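**Q** Structure file data32.txt, compact mmCIF, C-alpha atoms and all ligand atoms, is pasted below:
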```
# COMPACT_ATOMS: atom_id res chain seq x y z
CA MET F 905 72.80 29.22 -49.46
CA SER F 906 73.83 25.56 -49.78
CA PHE F 907 75.41 22.96 -47.51
CA LYS F 908 76.50 19.36 -47.74
CA VAL F 909 75.65 16.51 -45.33
CA PHE F 910 77.16 13.08 -46.00
CA GLY F 911 77.84 14.14 -49.59
CA ARG F 912 74.24 15.29 -50.22
CA THR F 913 73.98 18.94 -51.23
CA THR F 914 71.00 20.91 -49.96
CA ILE F 915 70.19 24.29 -51.48
CA VAL F 916 68.14 26.54 -49.20
CA ILE F 917 65.90 29.16 -50.82
CA ASN F 918 65.17 32.12 -48.55
CA ASP F 919 64.05 34.75 -51.04
CA LEU F 920 60.67 35.18 -52.76
CA LYS F 921 62.17 36.29 -56.09
CA ILE F 922 64.38 33.19 -56.32
CA ALA F 923 61.54 30.89 -55.26
CA ASN F 924 59.25 32.37 -57.93
CA GLU F 925 61.90 32.15 -60.65
CA LEU F 926 63.06 28.60 -59.96
CA LEU F 927 59.95 26.89 -58.63
CA GLU F 928 57.27 28.69 -60.67
CA ARG F 929 58.82 29.77 -63.95
CA ARG F 930 61.23 26.83 -64.20
CA SER F 931 58.97 24.38 -62.43
CA ALA F 932 59.49 21.62 -65.02
CA ASN F 933 63.02 21.33 -63.64
CA TYR F 934 62.27 21.78 -59.93
CA SER F 935 59.21 19.61 -59.25
CA ASP F 936 60.98 16.45 -58.26
CA ARG F 937 61.18 15.34 -54.61
CA PRO F 938 64.26 14.17 -52.75
CA SER F 939 64.06 10.52 -51.79
CA TYR F 940 62.41 10.27 -48.39
CA ARG F 941 63.78 6.80 -47.56
CA MET F 942 62.56 6.75 -43.96
CA MET F 943 59.02 7.44 -45.08
CA PHE F 944 59.06 5.18 -48.11
CA ASP F 945 60.92 2.12 -46.89
CA ILE F 946 60.61 2.12 -43.12
CA LEU F 947 57.36 3.87 -42.23
CA GLN F 948 55.63 2.37 -45.30
CA TRP F 949 54.26 5.62 -46.67
CA TRP F 950 55.09 4.55 -50.25
CA TRP F 951 51.50 5.36 -51.25
CA ASP F 952 51.85 9.08 -50.40
CA PHE F 953 52.08 10.90 -53.75
CA GLY F 954 53.27 14.02 -51.90
CA ILE F 955 56.66 12.31 -51.77
CA PHE F 956 56.53 10.58 -55.18
CA ARG F 957 59.33 11.45 -57.57
CA TYR F 958 58.31 13.67 -60.51
CA SER F 959 56.94 10.92 -62.71
CA ASP F 960 53.90 9.61 -64.58
CA ALA F 961 52.70 7.91 -61.39
CA TRP F 962 52.79 11.26 -59.58
CA ARG F 963 50.97 12.99 -62.47
CA LEU F 964 48.18 10.38 -62.44
CA HIS F 965 47.71 10.63 -58.67
CA ARG F 966 47.84 14.41 -58.66
CA LYS F 967 45.30 14.67 -61.50
CA THR F 968 42.93 12.22 -59.83
CA PHE F 969 43.18 14.13 -56.54
CA ASN F 970 42.77 17.46 -58.26
CA ASP F 971 39.54 16.38 -59.97
CA PHE F 972 37.96 16.47 -56.50
CA PHE F 973 39.78 19.42 -54.91
CA HIS F 974 40.12 22.12 -57.57
CA GLN F 975 38.72 25.56 -56.88
CA LYS F 976 35.25 24.88 -58.28
CA ALA F 977 34.93 21.30 -56.99
CA VAL F 978 35.42 22.30 -53.34
CA GLN F 979 32.36 24.57 -53.39
CA GLU F 980 30.28 21.41 -53.18
CA TYR F 981 31.81 20.59 -49.78
CA THR F 982 31.18 23.86 -47.95
CA PRO F 983 27.93 22.67 -46.27
CA VAL F 984 29.95 19.82 -44.69
CA GLN F 985 32.60 22.27 -43.48
CA ASP F 986 30.04 24.73 -42.10
CA ALA F 987 28.20 21.91 -40.31
CA ALA F 988 31.51 20.79 -38.75
CA SER F 989 32.11 24.35 -37.52
CA TYR F 990 28.68 24.49 -35.81
CA VAL F 991 29.41 21.12 -34.15
CA CYS F 992 32.65 22.69 -32.91
CA LEU F 993 30.82 25.76 -31.53
CA ARG F 994 28.41 23.56 -29.57
CA ALA F 995 31.17 21.27 -28.32
CA LEU F 996 33.17 24.27 -27.10
CA LEU F 997 30.19 25.36 -25.03
CA LYS F 998 29.90 21.95 -23.39
CA THR F 999 33.56 21.07 -22.82
CA PRO F 1000 35.75 24.11 -23.39
CA GLU F 1001 38.67 22.29 -21.77
CA ASP F 1002 38.75 19.97 -24.83
CA PHE F 1003 39.34 22.97 -27.04
CA PHE F 1004 42.13 21.42 -29.12
CA LYS F 1005 40.13 18.25 -29.76
CA HIS F 1006 37.11 20.22 -30.98
CA VAL F 1007 39.14 22.42 -33.35
CA ARG F 1008 40.86 19.34 -34.73
CA ARG F 1009 37.59 17.54 -35.26
CA GLN F 1010 36.24 20.45 -37.29
CA ALA F 1011 39.03 20.03 -39.87
CA GLY F 1012 39.43 16.24 -39.68
CA SER F 1013 35.77 15.26 -39.75
CA SER F 1014 35.08 17.49 -42.79
CA ILE F 1015 37.77 15.69 -44.78
CA LEU F 1016 36.68 12.22 -43.69
CA GLU F 1017 33.08 12.96 -44.62
CA VAL F 1018 33.96 14.44 -48.01
CA VAL F 1019 36.41 11.68 -48.90
CA TYR F 1020 34.89 8.54 -47.31
CA GLY F 1021 31.44 9.62 -46.18
CA LEU F 1022 32.51 8.74 -42.60
CA ARG F 1023 30.51 10.35 -39.81
CA GLY F 1024 30.23 10.22 -36.00
CA ASN F 1025 32.15 7.49 -34.20
CA ALA F 1026 33.89 6.43 -37.42
CA TYR F 1027 35.89 9.66 -37.05
CA ASP F 1028 37.27 8.60 -33.63
CA ASP F 1029 38.16 5.10 -34.87
CA TYR F 1030 40.05 6.53 -37.81
CA ILE F 1031 41.88 9.17 -35.75
CA GLU F 1032 43.16 6.54 -33.37
CA VAL F 1033 44.91 4.68 -36.20
CA ALA F 1034 46.00 7.77 -38.12
CA ASP F 1035 47.62 9.45 -35.11
CA LYS F 1036 49.87 6.49 -34.50
CA SER F 1037 51.17 6.68 -38.06
CA ILE F 1038 51.36 10.46 -38.39
CA TYR F 1039 53.50 10.87 -35.26
CA SER F 1040 56.58 9.32 -36.89
CA VAL F 1041 55.98 11.01 -40.22
CA ASP F 1042 56.12 14.46 -38.64
CA LEU F 1043 59.63 13.58 -37.56
CA ALA F 1044 60.59 12.05 -40.90
CA PHE F 1045 59.75 15.25 -42.79
CA ASN F 1046 62.30 17.16 -40.70
CA PRO F 1047 65.43 17.17 -42.88
CA GLY F 1048 68.22 15.34 -41.13
CA HIS F 1049 66.10 13.70 -38.44
CA PHE F 1050 66.75 10.20 -39.78
CA LEU F 1051 70.18 9.36 -41.15
CA ILE F 1052 68.75 6.84 -43.60
CA ASP F 1053 67.68 9.78 -45.79
CA TYR F 1054 71.38 10.57 -46.27
CA LEU F 1055 72.78 7.04 -46.00
CA PRO F 1056 70.27 4.80 -47.85
CA PHE F 1057 72.25 1.62 -47.09
CA LEU F 1058 70.94 1.93 -43.49
CA LYS F 1059 67.82 0.30 -44.90
CA TYR F 1060 69.69 -2.95 -44.19
CA ALA F 1061 70.30 -2.11 -40.52
CA PRO F 1062 69.16 -4.84 -38.11
CA PRO F 1063 65.55 -4.67 -36.86
CA TRP F 1064 66.53 -3.79 -33.28
CA VAL F 1065 68.06 -0.39 -34.28
CA ALA F 1066 65.86 2.45 -32.92
CA PHE F 1067 64.59 3.85 -36.26
CA LYS F 1068 63.74 0.34 -37.47
CA ARG F 1069 61.79 -0.40 -34.30
CA LEU F 1070 59.89 2.89 -34.64
CA GLY F 1071 59.19 1.99 -38.27
CA ALA F 1072 57.90 -1.47 -37.44
CA GLN F 1073 55.52 -0.02 -34.84
CA SER F 1074 54.08 2.72 -37.03
CA ALA F 1075 54.11 0.95 -40.46
CA LYS F 1076 51.16 -1.26 -39.57
CA TYR F 1077 49.09 1.83 -38.79
CA ALA F 1078 50.11 3.50 -42.07
CA LEU F 1079 48.84 0.50 -43.99
CA ALA F 1080 45.66 0.17 -41.92
CA MET F 1081 44.90 3.87 -42.36
CA ARG F 1082 45.14 3.42 -46.15
CA GLU F 1083 43.15 0.19 -46.25
CA GLN F 1084 40.34 0.28 -43.70
CA PRO F 1085 38.18 3.24 -44.74
CA VAL F 1086 38.09 2.18 -48.41
CA VAL F 1087 36.99 -1.31 -47.33
CA LEU F 1088 34.22 0.32 -45.25
CA VAL F 1089 33.05 2.30 -48.30
CA GLN F 1090 33.11 -0.82 -50.48
CA LYS F 1091 30.94 -2.65 -47.92
CA ALA F 1092 28.56 0.31 -47.68
CA LEU F 1093 28.23 0.41 -51.46
CA ALA F 1094 27.46 -3.30 -51.46
CA ASP F 1095 24.71 -3.02 -48.81
CA GLY F 1096 23.31 0.24 -50.20
CA SER F 1097 24.20 2.41 -47.18
CA ALA F 1098 27.07 4.39 -48.77
CA VAL F 1099 27.09 8.17 -48.43
CA PRO F 1100 28.15 9.76 -51.76
CA CYS F 1101 31.79 10.84 -51.40
CA THR F 1102 35.08 10.99 -53.31
CA VAL F 1103 35.69 7.26 -52.90
CA THR F 1104 32.20 6.19 -54.03
CA LYS F 1105 32.59 8.42 -57.09
CA LEU F 1106 36.01 6.93 -57.87
CA LEU F 1107 34.84 3.36 -57.32
CA GLU F 1108 31.80 3.87 -59.52
CA SER F 1109 33.53 5.83 -62.28
CA GLN F 1110 36.47 3.52 -62.96
CA PRO F 1111 36.07 0.08 -64.55
CA SER F 1112 36.56 -2.50 -61.79
CA ASP F 1113 39.18 -4.38 -63.86
CA ALA F 1114 41.32 -1.25 -64.56
CA PRO F 1115 44.89 -2.08 -63.52
CA GLY F 1116 45.96 -0.40 -60.29
CA ARG F 1117 42.48 1.10 -59.83
CA LEU F 1118 42.03 0.21 -56.17
CA ASP F 1119 45.57 1.25 -55.26
CA LEU F 1120 45.07 4.63 -56.88
CA ILE F 1121 41.80 5.14 -55.00
CA LYS F 1122 43.37 4.19 -51.68
CA ASN F 1123 46.39 6.40 -52.28
CA VAL F 1124 44.59 9.59 -53.23
CA SER F 1125 41.97 9.24 -50.52
CA THR F 1126 44.45 8.60 -47.69
CA ILE F 1127 46.54 11.65 -48.49
CA ALA F 1128 43.59 14.01 -48.09
CA PHE F 1129 43.41 13.41 -44.34
CA VAL F 1130 47.12 13.10 -43.63
CA ALA F 1131 48.05 16.22 -45.61
CA GLY F 1132 44.93 18.21 -44.88
CA ALA F 1133 43.76 17.80 -41.30
CA ASP F 1134 46.60 18.86 -39.03
CA THR F 1135 47.82 21.51 -41.47
CA SER F 1136 44.43 23.22 -41.22
CA VAL F 1137 44.39 22.79 -37.43
CA SER F 1138 47.80 24.44 -37.20
CA GLN F 1139 46.60 27.43 -39.20
CA ASN F 1140 43.41 27.75 -37.14
CA LEU F 1141 45.18 27.54 -33.78
CA THR F 1142 47.67 30.17 -34.93
CA THR F 1143 44.75 32.43 -35.83
CA ILE F 1144 43.18 31.92 -32.41
CA ILE F 1145 46.48 32.75 -30.69
CA ALA F 1146 46.79 35.87 -32.84
CA LEU F 1147 43.24 36.96 -31.93
CA LEU F 1148 44.21 36.68 -28.25
CA HIS F 1149 47.38 38.70 -28.69
CA TYR F 1150 45.79 41.31 -30.95
CA PRO F 1151 42.41 42.21 -29.37
CA GLU F 1152 42.06 45.18 -31.75
CA VAL F 1153 42.04 42.70 -34.67
CA GLN F 1154 39.39 40.64 -32.94
CA LYS F 1155 37.29 43.76 -32.32
CA LYS F 1156 37.34 44.67 -36.02
CA ALA F 1157 36.46 41.07 -36.93
CA HIS F 1158 33.46 41.18 -34.55
CA GLU F 1159 32.31 44.45 -36.07
CA GLU F 1160 32.52 43.02 -39.59
CA VAL F 1161 30.61 39.84 -38.73
CA ASP F 1162 27.93 41.78 -36.80
CA ARG F 1163 27.51 44.25 -39.67
CA ILE F 1164 27.40 41.77 -42.54
CA VAL F 1165 25.98 38.57 -41.02
CA GLY F 1166 24.05 39.89 -38.00
CA ARG F 1167 22.75 37.81 -35.08
CA HIS F 1168 19.88 35.95 -36.75
CA ARG F 1169 22.10 33.32 -38.44
CA ALA F 1170 25.66 31.99 -38.23
CA PRO F 1171 28.13 32.73 -41.03
CA THR F 1172 28.71 30.22 -43.80
CA CYS F 1173 31.34 29.85 -46.52
CA ASP F 1174 28.93 31.73 -48.81
CA ASP F 1175 29.89 34.87 -46.84
CA ARG F 1176 33.56 34.60 -47.81
CA THR F 1177 33.54 37.30 -50.45
CA ASP F 1178 31.78 39.76 -48.11
CA LEU F 1179 33.76 39.08 -44.92
CA LYS F 1180 36.98 40.56 -46.25
CA TYR F 1181 38.55 41.24 -42.88
CA ILE F 1182 38.05 37.64 -41.70
CA GLU F 1183 39.54 36.50 -44.98
CA ALA F 1184 42.56 38.77 -44.43
CA ILE F 1185 42.98 37.37 -40.89
CA ASN F 1186 43.26 33.84 -42.27
CA VAL F 1187 45.76 34.88 -44.92
CA GLU F 1188 47.84 36.74 -42.35
CA ALA F 1189 47.92 33.62 -40.13
CA LEU F 1190 49.48 31.68 -43.02
CA ARG F 1191 52.18 34.34 -43.37
CA TRP F 1192 52.74 35.04 -39.66
CA ARG F 1193 53.42 31.45 -38.64
CA PRO F 1194 53.69 29.36 -41.84
CA VAL F 1195 52.24 25.91 -41.23
CA VAL F 1196 55.09 23.99 -42.85
CA PRO F 1197 58.06 26.22 -41.91
CA MET F 1198 60.55 24.44 -44.14
CA GLY F 1199 58.07 23.42 -46.82
CA LEU F 1200 58.32 20.04 -48.44
CA GLY F 1201 61.65 19.46 -50.16
CA HIS F 1202 61.80 19.88 -53.93
CA ALA F 1203 64.60 18.48 -56.08
CA SER F 1204 66.11 19.63 -59.36
CA VAL F 1205 65.87 17.28 -62.35
CA SER F 1206 68.77 18.50 -64.50
CA ASP F 1207 71.63 20.99 -64.35
CA ASP F 1208 70.66 24.67 -64.39
CA VAL F 1209 72.24 28.10 -64.01
CA TYR F 1210 70.64 30.90 -61.99
CA GLU F 1211 72.26 34.36 -61.98
CA GLY F 1212 75.68 32.83 -62.60
CA TYR F 1213 75.26 30.07 -59.98
CA PHE F 1214 75.46 26.50 -61.24
CA ILE F 1215 72.72 24.24 -59.81
CA PRO F 1216 73.45 20.58 -60.55
CA GLY F 1217 70.62 18.11 -61.24
CA SER F 1218 69.23 15.86 -58.48
CA LYS F 1219 69.89 18.41 -55.75
CA TYR F 1220 67.70 18.81 -52.71
CA ILE F 1221 65.95 22.19 -52.50
CA SER F 1222 64.75 23.28 -49.07
CA PHE F 1223 63.11 26.50 -47.89
CA TYR F 1224 63.34 28.93 -45.06
CA PHE F 1225 59.83 30.31 -44.98
CA ARG F 1226 60.43 32.69 -42.14
CA ALA F 1227 62.91 34.59 -44.31
CA ILE F 1228 60.57 34.57 -47.30
CA LEU F 1229 57.33 35.47 -45.55
CA HIS F 1230 58.90 37.82 -42.99
CA ASP F 1231 61.08 39.72 -45.46
CA PRO F 1232 60.82 43.40 -44.31
CA LEU F 1233 61.30 44.53 -47.93
CA VAL F 1234 58.07 42.72 -48.85
CA TYR F 1235 56.06 42.80 -45.60
CA LYS F 1236 56.17 45.91 -43.42
CA ASP F 1237 56.66 45.11 -39.70
CA PRO F 1238 56.73 41.40 -40.56
CA ALA F 1239 56.64 40.19 -36.95
CA GLU F 1240 53.29 41.94 -36.35
CA PHE F 1241 49.95 40.27 -37.04
CA LYS F 1242 48.32 42.81 -39.38
CA PRO F 1243 45.47 41.57 -41.59
CA GLU F 1244 45.22 45.13 -42.96
CA ARG F 1245 48.37 44.45 -45.01
CA PHE F 1246 46.21 42.43 -47.41
CA LEU F 1247 43.45 45.02 -47.75
CA GLY F 1248 43.23 48.26 -49.71
CA PRO F 1249 44.93 49.62 -52.79
CA ASN F 1250 48.55 49.17 -51.60
CA SER F 1251 48.11 45.67 -50.23
CA GLU F 1252 51.16 43.47 -49.74
CA PRO F 1253 51.58 40.24 -51.79
CA TYR F 1254 49.45 37.20 -50.94
CA PRO F 1255 51.75 34.77 -49.09
CA GLY F 1256 51.04 31.96 -51.55
CA GLY F 1257 54.41 30.36 -50.81
CA ALA F 1258 52.87 29.04 -47.58
CA PHE F 1259 51.25 26.46 -49.88
CA GLY F 1260 54.42 25.78 -51.85
CA TRP F 1261 55.19 26.47 -55.47
CA GLY F 1262 54.87 25.41 -59.09
CA ARG F 1263 53.59 22.00 -60.10
CA ARG F 1264 53.85 20.75 -56.51
CA ILE F 1265 51.80 23.57 -54.99
CA CYS F 1266 49.37 22.27 -52.37
CA PRO F 1267 46.32 20.92 -54.23
CA GLY F 1268 44.26 21.11 -51.02
CA ARG F 1269 44.62 24.88 -50.63
CA TYR F 1270 41.09 25.77 -51.81
CA PHE F 1271 39.54 23.24 -49.48
CA SER F 1272 41.68 24.38 -46.54
CA SER F 1273 40.81 28.06 -47.11
CA ASN F 1274 37.15 27.15 -46.69
CA THR F 1275 37.91 25.13 -43.54
CA ALA F 1276 39.74 28.09 -42.04
CA PHE F 1277 37.14 30.63 -43.06
CA SER F 1278 34.24 28.57 -41.80
CA LEU F 1279 35.78 27.98 -38.38
CA ILE F 1280 37.17 31.45 -37.72
CA ALA F 1281 34.05 33.30 -38.95
CA SER F 1282 31.85 31.03 -36.79
CA LEU F 1283 34.04 31.42 -33.69
CA ILE F 1284 34.07 35.18 -34.05
CA TRP F 1285 30.30 35.20 -34.54
CA ALA F 1286 29.65 33.05 -31.46
CA TYR F 1287 32.34 33.95 -28.94
CA ASP F 1288 34.70 36.53 -27.52
CA ILE F 1289 38.09 34.87 -27.49
CA LEU F 1290 39.63 35.99 -24.20
CA PRO F 1291 42.75 35.26 -22.14
CA ALA F 1292 42.57 32.74 -19.29
CA GLU F 1293 40.88 33.93 -16.08
CA ASP F 1294 44.28 34.75 -14.56
CA GLY F 1295 44.92 37.02 -17.57
CA SER F 1296 47.68 34.83 -19.01
CA LEU F 1297 48.09 34.41 -22.76
CA PRO F 1298 49.56 31.46 -24.64
CA ASP F 1299 53.09 32.11 -25.83
CA SER F 1300 52.75 33.16 -29.47
CA MET F 1301 56.08 31.50 -30.29
CA ALA F 1302 55.52 28.20 -28.46
CA TYR F 1303 55.35 25.63 -31.22
CA THR F 1304 56.77 22.14 -31.46
CA ASP F 1305 59.90 21.60 -33.56
CA LYS F 1306 58.26 19.14 -35.92
CA SER F 1307 58.04 19.60 -39.69
CA LEU F 1308 54.44 20.72 -39.31
CA ARG F 1309 54.04 23.70 -36.99
CA GLN F 1310 51.95 22.65 -34.03
CA VAL F 1311 51.01 24.67 -31.00
CA ALA F 1312 53.04 23.31 -28.09
C1 LIG V 1401 46.63 25.35 -43.99
C2 LIG V 1401 46.52 24.27 -44.72
C3 LIG V 1401 47.61 23.72 -45.61
C4 LIG V 1401 48.89 24.14 -45.82
C5 LIG V 1401 49.60 25.35 -45.22
C6 LIG V 1401 49.49 23.22 -46.78
C7 LIG V 1401 50.80 23.34 -47.25
C8 LIG V 1401 51.36 22.48 -48.17
C9 LIG V 1401 52.71 22.60 -48.67
C10 LIG V 1401 53.72 23.66 -48.26
C11 LIG V 1401 52.90 21.58 -49.55
C12 LIG V 1401 54.17 21.31 -50.36
C13 LIG V 1401 54.12 22.11 -51.66
C14 LIG V 1401 55.41 22.08 -52.46
O1 LIG V 1401 56.10 21.07 -52.45
O2 LIG V 1401 55.75 23.10 -53.10
C15 LIG V 1401 51.67 20.81 -49.62
C16 LIG V 1401 51.49 19.70 -50.40
C17 LIG V 1401 50.33 18.96 -50.42
N1 LIG V 1401 49.14 19.26 -49.77
FE1 LIG V 1401 48.81 20.82 -48.54
N2 LIG V 1401 48.57 22.27 -47.12
C18 LIG V 1401 47.40 22.53 -46.43
C19 LIG V 1401 46.22 21.83 -46.51
C20 LIG V 1401 45.99 20.76 -47.34
C21 LIG V 1401 44.73 20.08 -47.48
C22 LIG V 1401 43.43 20.47 -46.76
C23 LIG V 1401 44.93 19.03 -48.33
C24 LIG V 1401 43.94 18.01 -48.83
C25 LIG V 1401 42.65 18.13 -48.79
C26 LIG V 1401 46.32 19.08 -48.76
C27 LIG V 1401 46.91 18.21 -49.64
C28 LIG V 1401 48.22 18.28 -50.08
C29 LIG V 1401 48.83 17.33 -50.99
C30 LIG V 1401 48.14 16.13 -51.62
C31 LIG V 1401 50.15 17.74 -51.20
C32 LIG V 1401 51.22 17.06 -52.07
C33 LIG V 1401 51.27 17.72 -53.45
C34 LIG V 1401 52.28 17.10 -54.41
O3 LIG V 1401 53.36 16.67 -53.99
O4 LIG V 1401 51.97 17.08 -55.61
N3 LIG V 1401 46.92 20.14 -48.13
N4 LIG V 1401 50.74 21.39 -48.78
```
Please rewrite the model in this file as structure tokens.
Ligand code: HEM

**A**
Amino acid sequence: MSFKVFGRTTIVINDLKIANELLERRSANYSDRPSYRMMFDILQWWWDFGIFRYSDAWRLHRKTFNDFFHQKAVQEYTPVQDAASYVCLRALLKTPEDFFKHVRRQAGSSILEVVYGLRGNAYDDYIEVADKSIYSVDLAFNPGHFLIDYLPFLKYAPPWVAFKRLGAQSAKYALAMREQPVVLVQKALADGSAVPCTVTKLLESQPSDAPGRLDLIKNVSTIAFVAGADTSVSQNLTTIIALLHYPEVQKKAHEEVDRIVGRHRAPTCDDRTDLKYIEAINVEALRWRPVVPMGLGHASVSDDVYEGYFIPGSKYISFYFRAILHDPLVYKDPAEFKPERFLGPNSEPYPGGAFGWGRRICPGRYFSSNTAFSLIASLIWAYDILPAEDGSLPDSMAYTDKSLRQVA
């Protein structure tokens, strides 16, 4: 399907076969991004390589990021993620009413510790700044939310226009969020108190006079939190909602954890290969309520033809994940939460599209799978997840309408 808004054509992919063909097999032609003018020019997220055009600058950022987050590299971080899950378990016992905050801290604090070596109160300071910037960006990723993405000349609109005022408020936080933690790490390195982390490794491994060195370090470190924290939280909250709505799934998960881990210790990421049912629960959560329901836009580089359809270059490619990941021809009873679909000899396909496709596929997916596993396995081990005392359940469809799916 395609449609035109203010002369800009958007092609919507809603079929797994087409997504695989265009975005995987022909990914050299479909790895560009549309120009996110609101984010770049107004909200000052020009450092975010997730929205860079397909270019050498993007390749350099992506490679640098990937050096720290590829499948093998993330194994080094699992003790940090497991420790964050135990902190969450204890916090839930003390103040269960702050449930959302604790689940968010598990994902956010792991990233901040791995990337900047930040611990304790430094997490709260950072969150305060980041939240103020991320709020507007969630809106800006929604196609069509800001007209400037279709009418770039609006960049010259006067400063009192609503989107400009919003931009002016949140831009200073975007820049502070990128700047402050790296400055803290530099100071810690200077006084000998730095905790080894991605930024210390980058600062120490690159010659201090290399052009653009500090910008690159700031850019790749900032994106880890902004792309990785709330996405993981969304997945984890979806899983918790599913466990409430499907008590039989929770029962099987309890049985698996009791059988394989037992009561004498809590689970860790090292149990991932053995706790297959927990693993399947996390995968099913990604399919059931995809975290980024419309993905991140791709764009074609040059003209192409697919099954007789002409696809011109520079066109915006969007996704309808619900159609792809709830296709009844691929997933039986797609509306049901059934981890079993990923187990056994006739298992259904892994919903990898939830992390995107081709050269732009989410480079944080290995890290986030550990975050999800660590939290859900620990919660199952420690608690029964039950409805409220009055028996009510959260609405399993109540999410916000932002680009990132968030429990309402
Ligand atoms: C449940 C968790 C997550 C989900 C569902 C998710 C999903 C996505 C999706 C759909 C994209 C766009 C892919 C495309 O354009 O084809 C993306 C991009 C990205 N993600 Fe994730 N993500 C998650 C966690 C993370 C984490 C933990 C990190 C970092 C540690 C991260 C870092 C990134 C980055 C840097 C990009 C931009 C890639 C590029 O443009 O080259 N993500 N993610």

**Q** Pick out the closest residue to Pro1056 (chain F) from this set: F:Ser1278, F:Ser939, F:Asn1140, F:Thr999. Count all atoms listed in the file.

**A**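 That would be F:Ser939, the residue with the smallest distance to Pro1056 (chain F).
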
**Q** As a PyMOL selection string, please: every protein or nucleic acid residue near ligand LIG 1401 (chain V) (cut-off 7 Å, counting all atoms listed in the file).

**A** chain F and resi 953-956+966+973+1015+1127-1129+1131-1133+1135-1136+1138-1139+1190+1194-1196+1199-1202+1258-1269+1271-1272

**Q** Kindly indicate which residue among F:Phe1246, F:Pro1111, F:Ala1146, F:Leu1283 lies nearest to Val991 (chain F), using all atoms listed in the file for the distances.

**A**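 The closest residue to Val991 (chain F) is F:Leu1283.
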
**Q** From the options F:Ala1066, F:Leu1093, F:Ile1215, F:Leu1055, which residue's atoms come nearest to Thr914 (chain F), counting all atoms listed in the file?

**A** F:Ile1215

**Q** Which residue, F:Phe907, F:Tyr990, F:Tyr1235, F:Tyr1060, has the smallest gap to Arg1169 (chain F) when you use only C-alpha atoms?

**A**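 Smallest distance to Arg1169 (chain F) is found for F:Tyr990.
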
**Q** For each of F:Arg1245, F:Leu996, F:Ser1218, F:Lys1059, take the minimum atom-to-atom distance to Tyr958 (chain F), counting all atoms listed in the file, then give the residue where this is smallest.

**A**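 Nearest to Tyr958 (chain F): F:Ser1218.
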
**Q** For a quick check of understanding, using all atoms listed in the file, which of F:Ser1097, F:Ser959, F:Asn970, F:Gln948 has the smallest distance to Val1041 (chain F)?

**A**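 Between F:Ser1097, F:Ser959, F:Asn970, F:Gln948, the residue approaching Val1041 (chain F) most closely is F:Gln948.
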